[in-house]
Amino acid sequence: MWTAIILACGIANGVVTNQCTAFTANDILPTHEACEQSIADGYTLIRSSGWEPMTYKCINWMDVAV
């Protein structure tokens with residue numbers, strides 16, 4: 001069980017702002033490879049929506065301590 005998460009910040013007048021948000025996929029993904037593909041797809045979508053992706057991570061929920 002994997003989740004893709006991207007931290008992105010807004011752009012104003014061509015400059016990255018400190019107005020940032022996290023974007024996640026709407027699905028729990030079955031493999032790390034699927035998560036990486038979701039990151040690639042999300043990166044393109046986020047940039048085309050006027051945000052600047054800053055960093056990303058694939059989280060494996062089987063490795064997260066409860």
# chains A, B, ... in the order shown; residues from 1 in each chain; ligands from 1

call {"tool": "closest_atom_pairs", "arguments": {"of": "region 21-55 of chain A", "to": "region 4-9 of chain A", "cutoff": "8 Å", "atoms": "only C-alpha atoms", "output": "CSV"}}
result
residue,atom,partner,partner_atom,distance
A:Thr21,CA,A:Ala8,CA,5.7
A:Ala22,CA,A:Leu7,CA,4.5
A:Phe23,CA,A:Ile6,CA,5.1
A:Thr24,CA,A:Ile5,CA,4.5
A:Ala25,CA,A:Ala4,CA,5.8
A:Cys35,CA,A:Ala4,CA,5.5
A:Glu36,CA,A:Ala4,CA,7.4
A:Ser38,CA,A:Ala4,CA,6.5
A:Ile39,CA,A:Ala4,CA,6.0
A:Gly42,CA,A:Ile6,CA,7.8
A:Tyr43,CA,A:Ile6,CA,7.6
A:Ile46,CA,A:Ala8,CA,7.8
A:Trp51,CA,A:Cys9,CA,5.5
A:Glu52,CA,A:Ala8,CA,5.2
A:Pro53,CA,A:Ala8,CA,4.0
A:Met54,CA,A:Ala8,CA,5.2
A:Thr55,CA,A:Leu7,CA,5.4

call {"tool": "write_last_selection", "arguments": {"atoms": "N, CA and C atoms", "output": "PDB file, in the first residue's frame"}}
result
ATOM      1  N   THR A  21       1.355  23.807  -0.546  1.00  0.00           N
ATOM      2  CA  THR A  21       0.362  22.810  -0.180  1.00  0.00           C
ATOM      3  C   THR A  21       0.858  21.428  -0.599  1.00  0.00           C
ATOM      4  N   ALA A  22       0.254  20.418  -0.014  1.00  0.00           N
ATOM      5  CA  ALA A  22       0.588  19.038  -0.377  1.00  0.00           C
ATOM      6  C   ALA A  22      -0.495  18.493  -1.288  1.00  0.00           C
ATOM      7  N   PHE A  23      -0.072  17.797  -2.312  1.00  0.00           N
ATOM      8  CA  PHE A  23      -0.979  17.121  -3.230  1.00  0.00           C
ATOM      9  C   PHE A  23      -0.765  15.626  -3.086  1.00  0.00           C
ATOM     10  N   THR A  24      -1.849  14.873  -3.066  1.00  0.00           N
ATOM     11  CA  THR A  24      -1.746  13.419  -2.993  1.00  0.00           C
ATOM     12  C   THR A  24      -2.611  12.791  -4.068  1.00  0.00           C
ATOM     13  N   ALA A  25      -2.267  11.575  -4.423  1.00  0.00           N
ATOM     14  CA  ALA A  25      -3.100  10.807  -5.343  1.00  0.00           C
ATOM     15  C   ALA A  25      -4.368  10.395  -4.592  1.00  0.00           C
ATOM     16  N   CYS A  35       3.555   4.043  -7.612  1.00  0.00           N
ATOM     17  CA  CYS A  35       3.662   5.308  -6.887  1.00  0.00           C
ATOM     18  C   CYS A  35       4.570   6.278  -7.640  1.00  0.00           C
ATOM     19  N   GLU A  36       5.700   5.799  -8.106  1.00  0.00           N
ATOM     20  CA  GLU A  36       6.615   6.651  -8.867  1.00  0.00           C
ATOM     21  C   GLU A  36       5.951   7.170 -10.144  1.00  0.00           C
ATOM     22  N   SER A  38       2.735   7.666 -10.501  1.00  0.00           N
ATOM     23  CA  SER A  38       1.762   8.650 -10.031  1.00  0.00           C
ATOM     24  C   SER A  38       2.453   9.983  -9.739  1.00  0.00           C
ATOM     25  N   ILE A  39       3.654   9.936  -9.177  1.00  0.00           N
ATOM     26  CA  ILE A  39       4.439  11.153  -8.927  1.00  0.00           C
ATOM     27  C   ILE A  39       4.728  11.858 -10.255  1.00  0.00           C
ATOM     28  N   GLY A  42       1.519  13.351 -11.577  1.00  0.00           N
ATOM     29  CA  GLY A  42       1.113  14.462 -10.727  1.00  0.00           C
ATOM     30  C   GLY A  42       1.992  15.684 -10.926  1.00  0.00           C
ATOM     31  N   TYR A  43       3.285  15.472 -11.090  1.00  0.00           N
ATOM     32  CA  TYR A  43       4.231  16.571 -11.302  1.00  0.00           C
ATOM     33  C   TYR A  43       3.810  17.396 -12.511  1.00  0.00           C
ATOM     34  N   ILE A  46       0.426  19.230 -11.764  1.00  0.00           N
ATOM     35  CA  ILE A  46       0.625  20.326 -10.802  1.00  0.00           C
ATOM     36  C   ILE A  46       1.293  21.521 -11.478  1.00  0.00           C
ATOM     37  N   TRP A  51       1.478  25.605 -10.167  1.00  0.00           N
ATOM     38  CA  TRP A  51       2.233  25.338  -8.940  1.00  0.00           C
ATOM     39  C   TRP A  51       3.633  24.861  -9.299  1.00  0.00           C
ATOM     40  N   GLU A  52       4.570  25.042  -8.380  1.00  0.00           N
ATOM     41  CA  GLU A  52       5.934  24.566  -8.584  1.00  0.00           C
ATOM     42  C   GLU A  52       6.209  23.429  -7.598  1.00  0.00           C
ATOM     43  N   PRO A  53       6.305  22.186  -8.104  1.00  0.00           N
ATOM     44  CA  PRO A  53       6.632  21.071  -7.215  1.00  0.00           C
ATOM     45  C   PRO A  53       8.009  21.284  -6.576  1.00  0.00           C
ATOM     46  N   MET A  54       8.075  21.099  -5.263  1.00  0.00           N
ATOM     47  CA  MET A  54       9.326  21.325  -4.541  1.00  0.00           C
ATOM     48  C   MET A  54      10.005  20.004  -4.158  1.00  0.00           C
ATOM     49  N   THR A  55       9.201  19.038  -3.731  1.00  0.00           N
ATOM     50  CA  THR A  55       9.721  17.729  -3.354  1.00  0.00           C
ATOM     51  C   THR A  55       8.580  16.731  -3.414  1.00  0.00           C
TER      52      THR A  55
END

call {"tool": "select_by_dssp", "arguments": {"residues": "chain A", "states": "helix (DSSP H, G or I)", "output": "JSON, numbers by chain"}}
result
{"A": [32, 33, 34, 35, 36, 37, 38, 39, 40, 41, 42, 43, 44, 45, 46, 47, 48]}

call {"tool": "closest_residue", "arguments": {"among": "A:Gln37, A:Gly50, A:Lys57, A:Met1", "to": "Asn13 (chain A)", "atoms": "only C-alpha atoms"}}
result
A:Gly50

call {"tool": "closest_residue", "arguments": {"among": "A:Thr3, A:Thr44, A:Gln19, A:Asp63", "to": "His32 (chain A)", "atoms": "only C-alpha atoms"}}
result
A:Thr3

call {"tool": "closest_residue", "arguments": {"among": "A:Ser49, A:Asn18, A:Glu33, A:Trp2", "to": "Met62 (chain A)", "atoms": "only C-alpha atoms"}}
result
A:Trp2

call {"tool": "select_by_dssp", "arguments": {"residues": "chain A", "states": "strand (DSSP E)", "output": "VMD selection string"}}
result
chain A and resid 2 to 12 15 to 24 51 to 60

call {"tool": "write_last_selection", "arguments": {"atoms": "N, CA and C atoms", "output": "mmCIF file, in the first residue's frame"}}
result
data_model
loop_
_atom_site.group_PDB
_atom_site.id
_atom_site.type_symbol
_atom_site.label_atom_id
_atom_site.label_comp_id
_atom_site.auth_asym_id
_atom_site.auth_seq_id
_atom_site.Cartn_x
_atom_site.Cartn_y
_atom_site.Cartn_z
ATOM 1 N N TRP A 2 0.798 1.976 -1.063
ATOM 2 C CA TRP A 2 1.639 3.158 -1.257
ATOM 3 C C TRP A 2 0.779 4.389 -1.497
ATOM 4 N N THR A 3 1.280 5.543 -1.063
ATOM 5 C CA THR A 3 0.660 6.829 -1.343
ATOM 6 C C THR A 3 1.719 7.765 -1.916
ATOM 7 N N ALA A 4 1.352 8.470 -2.982
ATOM 8 C CA ALA A 4 2.227 9.480 -3.581
ATOM 9 C C ALA A 4 1.862 10.835 -2.988
ATOM 10 N N ILE A 5 2.872 11.605 -2.589
ATOM 11 C CA ILE A 5 2.635 12.949 -2.053
ATOM 12 C C ILE A 5 3.659 13.916 -2.658
ATOM 13 N N ILE A 6 3.158 15.072 -3.079
ATOM 14 C CA ILE A 6 4.017 16.110 -3.672
ATOM 15 C C ILE A 6 3.781 17.416 -2.923
ATOM 16 N N LEU A 7 4.845 18.056 -2.478
ATOM 17 C CA LEU A 7 4.773 19.391 -1.892
ATOM 18 C C LEU A 7 5.044 20.385 -3.017
ATOM 19 N N ALA A 8 4.117 21.334 -3.192
ATOM 20 C CA ALA A 8 4.265 22.325 -4.256
ATOM 21 C C ALA A 8 3.934 23.710 -3.710
ATOM 22 N N CYS A 9 4.567 24.715 -4.291
ATOM 23 C CA CYS A 9 4.358 26.099 -3.874
ATOM 24 C C CYS A 9 3.846 26.917 -5.063
ATOM 25 N N GLY A 10 3.136 27.977 -4.743
ATOM 26 C CA GLY A 10 2.584 28.845 -5.775
ATOM 27 C C GLY A 10 3.668 29.640 -6.478
ATOM 28 N N ILE A 11 3.276 30.213 -7.603
ATOM 29 C CA ILE A 11 4.177 31.063 -8.382
ATOM 30 C C ILE A 11 3.464 32.393 -8.614
ATOM 31 N N ALA A 12 4.141 33.495 -8.291
ATOM 32 C CA ALA A 12 3.594 34.835 -8.520
ATOM 33 C C ALA A 12 4.638 35.656 -9.257
ATOM 34 N N VAL A 15 7.977 34.065 -9.664
ATOM 35 C CA VAL A 15 8.757 33.757 -8.467
ATOM 36 C C VAL A 15 7.980 32.767 -7.599
ATOM 37 N N VAL A 16 8.659 31.746 -7.111
ATOM 38 C CA VAL A 16 8.031 30.771 -6.222
ATOM 39 C C VAL A 16 7.730 31.448 -4.890
ATOM 40 N N THR A 17 6.493 31.278 -4.415
ATOM 41 C CA THR A 17 6.063 31.907 -3.159
ATOM 42 C C THR A 17 6.189 30.921 -2.006
ATOM 43 N N ASN A 18 5.868 31.400 -0.806
ATOM 44 C CA ASN A 18 5.862 30.514 0.356
ATOM 45 C C ASN A 18 4.453 29.994 0.647
ATOM 46 N N GLN A 19 3.551 30.153 -0.302
ATOM 47 C CA GLN A 19 2.198 29.597 -0.213
ATOM 48 C C GLN A 19 2.248 28.183 -0.783
ATOM 49 N N CYS A 20 2.389 27.215 0.092
ATOM 50 C CA CYS A 20 2.620 25.834 -0.343
ATOM 51 C C CYS A 20 1.499 24.919 0.142
ATOM 52 N N THR A 21 1.355 23.807 -0.546
ATOM 53 C CA THR A 21 0.362 22.810 -0.180
ATOM 54 C C THR A 21 0.858 21.428 -0.599
ATOM 55 N N ALA A 22 0.254 20.418 -0.014
ATOM 56 C CA ALA A 22 0.588 19.038 -0.377
ATOM 57 C C ALA A 22 -0.495 18.493 -1.288
ATOM 58 N N PHE A 23 -0.072 17.797 -2.312
ATOM 59 C CA PHE A 23 -0.979 17.121 -3.230
ATOM 60 C C PHE A 23 -0.765 15.626 -3.086
ATOM 61 N N THR A 24 -1.849 14.873 -3.066
ATOM 62 C CA THR A 24 -1.746 13.419 -2.993
ATOM 63 C C THR A 24 -2.611 12.791 -4.068
ATOM 64 N N TRP A 51 1.478 25.605 -10.167
ATOM 65 C CA TRP A 51 2.233 25.338 -8.940
ATOM 66 C C TRP A 51 3.633 24.861 -9.299
ATOM 67 N N GLU A 52 4.570 25.042 -8.380
ATOM 68 C CA GLU A 52 5.934 24.566 -8.584
ATOM 69 C C GLU A 52 6.209 23.429 -7.598
ATOM 70 N N PRO A 53 6.305 22.186 -8.104
ATOM 71 C CA PRO A 53 6.632 21.071 -7.215
ATOM 72 C C PRO A 53 8.009 21.284 -6.576
ATOM 73 N N MET A 54 8.075 21.099 -5.263
ATOM 74 C CA MET A 54 9.326 21.325 -4.541
ATOM 75 C C MET A 54 10.005 20.004 -4.158
ATOM 76 N N THR A 55 9.201 19.038 -3.731
ATOM 77 C CA THR A 55 9.721 17.729 -3.354
ATOM 78 C C THR A 55 8.580 16.731 -3.414
ATOM 79 N N TYR A 56 8.926 15.457 -3.358
ATOM 80 C CA TYR A 56 7.904 14.418 -3.404
ATOM 81 C C TYR A 56 8.362 13.214 -2.595
ATOM 82 N N LYS A 57 7.408 12.334 -2.309
ATOM 83 C CA LYS A 57 7.745 11.120 -1.571
ATOM 84 C C LYS A 57 6.688 10.066 -1.843
ATOM 85 N N CYS A 58 7.126 8.826 -1.939
ATOM 86 C CA CYS A 58 6.231 7.684 -1.956
ATOM 87 C C CYS A 58 6.260 7.079 -0.553
ATOM 88 N N ILE A 59 5.106 6.987 0.059
ATOM 89 C CA ILE A 59 5.013 6.451 1.423
ATOM 90 C C ILE A 59 4.487 5.027 1.358
ATOM 91 N N ASN A 60 5.238 4.101 1.947
ATOM 92 C CA ASN A 60 4.821 2.709 2.052
ATOM 93 C C ASN A 60 4.159 2.538 3.414
#
